[in-house]
Amino acid sequence: MDKELLQAISIAGLFHDIGKFAERADAVELPDKDMVAQEYRYAHAYHTELALKSLFPAGQLEREFAGSSEVNILNMASRHHKPRNIYELIISQADRIASGHERSAGDDLSDYDTGGRERKRQTPLISILSRIKLFGEQVKPEDWRYKINHASVSGSAGDFTSFFPVPKEHYPYNQVEEDYVQHWHHFRQAVQPDSGNGLDLFVQFPVILCLCRDFQWCLPASTRKEELPDVSLFDHQKVTAALAGCIYWYHARCGNLNETDIMDHSVPKFLLYCGDISGIQKFIYKISSKGAYRTLKGKSFYIQILAEILANEFVDRFSLTQTNILYASGGKFYLLLPNLPDTIQTLEDVQHEVNMELLKQYNGALYLRTGYETLSADDLTRKSGTTLYRIWDRLTRGLVYQDRQRYNKAATDDYDLLFAVRPQANLNACEVCRQTMKDKRETICAACKEMAKLGSQLGAANWIVLGSNGADLPEQGKPVMEVYGKQLWLFEKMPEKINGENLLFMGINSADYHK
């Protein structure tokens, strides 16, 4: 399997419909209809090619893969409606599966105020919550709509109410059209922060993914009258990228990278995987009044950053991108992975590694429980007789069952680690969490000290830097803490000079994290 090609396929999946954004903003020229019908099938696919060329250097877009000049990000992204090779077909199938899963048919109750050729640039994203009604209630829904704006609001003065949906009369079609133009302009500026030199598609892909989320969360994936515009363009493109990566991974490893097998939707090629950190409530709130605020803040942050680090660790093991992280928050994460025997074994190995570290560090207070369910394309498009809701429910039930089998592998491999009795003299209890400590001279355990330190520094922090253990950052001082193989630093201002490789930078409440 070609790992660089895998990344290119994910990038192409993320940008396969970027032409819709550009054409709605009137940022691309009108194409020749005959040429489009023959080469691209739909105008937005041709506009994807033009949009990508305006955003990123040709060297990155036309980089050759699989030994062919025709296999590149530009072609895979723009030719998905008329695929000419296996790799373009993968994007095509991923797009079809994503669309079949997420889109609902329009109806006569939809309160549209525009139509015709101008509909594309005048239709906003509607809120799915505005469609909720009591069972049997005969009331015409009022499709509340989201305003087109940037998702990142910086500082305490940010207007968070701009993210809430509003009634039709508060956001008319002519304002939608004007906002599209400005929104594309700002998106292009964000992608090209350095005098027109675009971000690197490969090296800076996590930043680009965040920019796509910030600018495309409020844009509808589809503006066709036959479909409800209630799914965002970002969600559609992200899911397409995740599916495309899994499809390539699955068929490349199975040795059947051909048209017939790729188009077979009955085979369970996907794995819906969940990791859930158990014991959070007891871990966070088991504190005394001494240093409670700082410790509570530090522990809450630790749980959040641990879930994100673990989610990235799991997808990194399969050379996938962050698009395969469906959700990561509150100590829980969901991933979309290829369904292969060695996939499951790898997942079990990583889970065991994580739990052994948590056991040694927190004496079993935290435990990573996991579960997975297999999926086919027919499952995702409601053609197999089941629904994603039922599959998701089975996955959740499996997590509860696993809680009763904690450390079953450790009990087999290292019985003494869990059950051996080791008499200790001069024991003491931590004043914060009441954890037993070996050193009677100490009043607070090392874990609570670390959490309090973390909580005290978070208030002034604007930047988080994560690096692998052993990262060379001598000028930045010692890290605040270590989290599953990652060292963590907190900064109020981004240092002018940082030594180190493979570092991850995260801005806290910063709209300029990409600069």
# chains A, B, ... in the order shown; residues from 1 in each chain; ligands from 1
call {"tool": "residues_around", "arguments": {"residues": "Met451 of chain A", "least_positions_apart": "5", "cutoff": "7 Å", "atoms": "only C-alpha atoms", "output": "list of chain:residue names"}}
result
A:Thr295, A:Gly298, A:Lys299
call {"tool": "residues_around", "arguments": {"residues": "segment 340-345 of chain A", "least_positions_apart": "3", "cutoff": "9 Å", "atoms": "only C-alpha atoms", "output": "MDAnalysis selection string"}}
result
chainID A and resid 250 253:254 269:271 318 337 348:350 372
call {"tool": "write_last_selection", "arguments": {"atoms": "C-alpha atoms", "output": "mmCIF file, in the first residue's frame"}}
result
data_model
loop_
_atom_site.group_PDB
_atom_site.id
_atom_site.type_symbol
_atom_site.label_atom_id
_atom_site.label_comp_id
_atom_site.auth_asym_id
_atom_site.auth_seq_id
_atom_site.Cartn_x
_atom_site.Cartn_y
_atom_site.Cartn_z
ATOM 1 C CA TYR A 250 -9.158 -1.975 2.132
ATOM 2 C CA ARG A 253 -4.429 -4.594 1.271
ATOM 3 C CA CYS A 254 -6.869 -7.216 -0.062
ATOM 4 C CA LYS A 269 -15.334 -2.659 4.097
ATOM 5 C CA PHE A 270 -15.614 -0.169 6.950
ATOM 6 C CA LEU A 271 -15.218 -0.253 10.706
ATOM 7 C CA PHE A 318 -3.123 3.213 9.726
ATOM 8 C CA LEU A 337 -11.404 2.683 9.654
ATOM 9 C CA GLU A 348 -6.497 -4.113 20.536
ATOM 10 C CA ASP A 349 -2.736 -3.693 20.895
ATOM 11 C CA VAL A 350 -2.988 0.105 21.124
ATOM 12 C CA TYR A 372 -16.396 -1.510 16.905
#
call {"tool": "select_by_dssp", "arguments": {"residues": "segment 191-421 of chain A", "states": "strand (DSSP E or B)", "output": "PyMOL selection string"}}
result
chain A and resi 194+197+220+227+232+270-278+325-329+332-338+367-375
call {"tool": "residues_around", "arguments": {"residues": "His251 of chain A", "least_positions_apart": "6", "cutoff": "8 Å", "atoms": "only C-alpha atoms", "output": "ChimeraX atom specification"}}
result
/A:257,261-262
call {"tool": "closest_atom_pairs", "arguments": {"of": "segment 303-378 of chain A", "to": "segment 427-450 of chain A", "cutoff": "12 Å", "atoms": "only C-alpha atoms", "output": "Markdown table"}}
result
| residue | atom | partner | partner_atom | distance |
| --- | --- | --- | --- | --- |
| A:Leu358 | CA | A:Ala447 | CA | 11.5 |
| A:Lys360 | CA | A:Ala447 | CA | 11.2 |
| A:Gln361 | CA | A:Ala447 | CA | 7.7 |
| A:Tyr362 | CA | A:Ala447 | CA | 7.5 |
| A:Asn363 | CA | A:Gln435 | CA | 9.0 |
| A:Gly364 | CA | A:Gln435 | CA | 11.5 |
| A:Ala365 | CA | A:Gln435 | CA | 10.4 |
call {"tool": "closest_atom_pairs", "arguments": {"of": "segment 235-331 of chain A", "to": "segment 198-207 of chain A", "cutoff": "10 Å", "atoms": "only C-alpha atoms", "output": "tab-separated table"}}
result
residue	atom	partner	partner_atom	distance
A:Thr321	CA	A:Pro206	CA	8.2
A:Gln322	CA	A:Pro206	CA	6.9
A:Thr323	CA	A:Pro206	CA	9.0
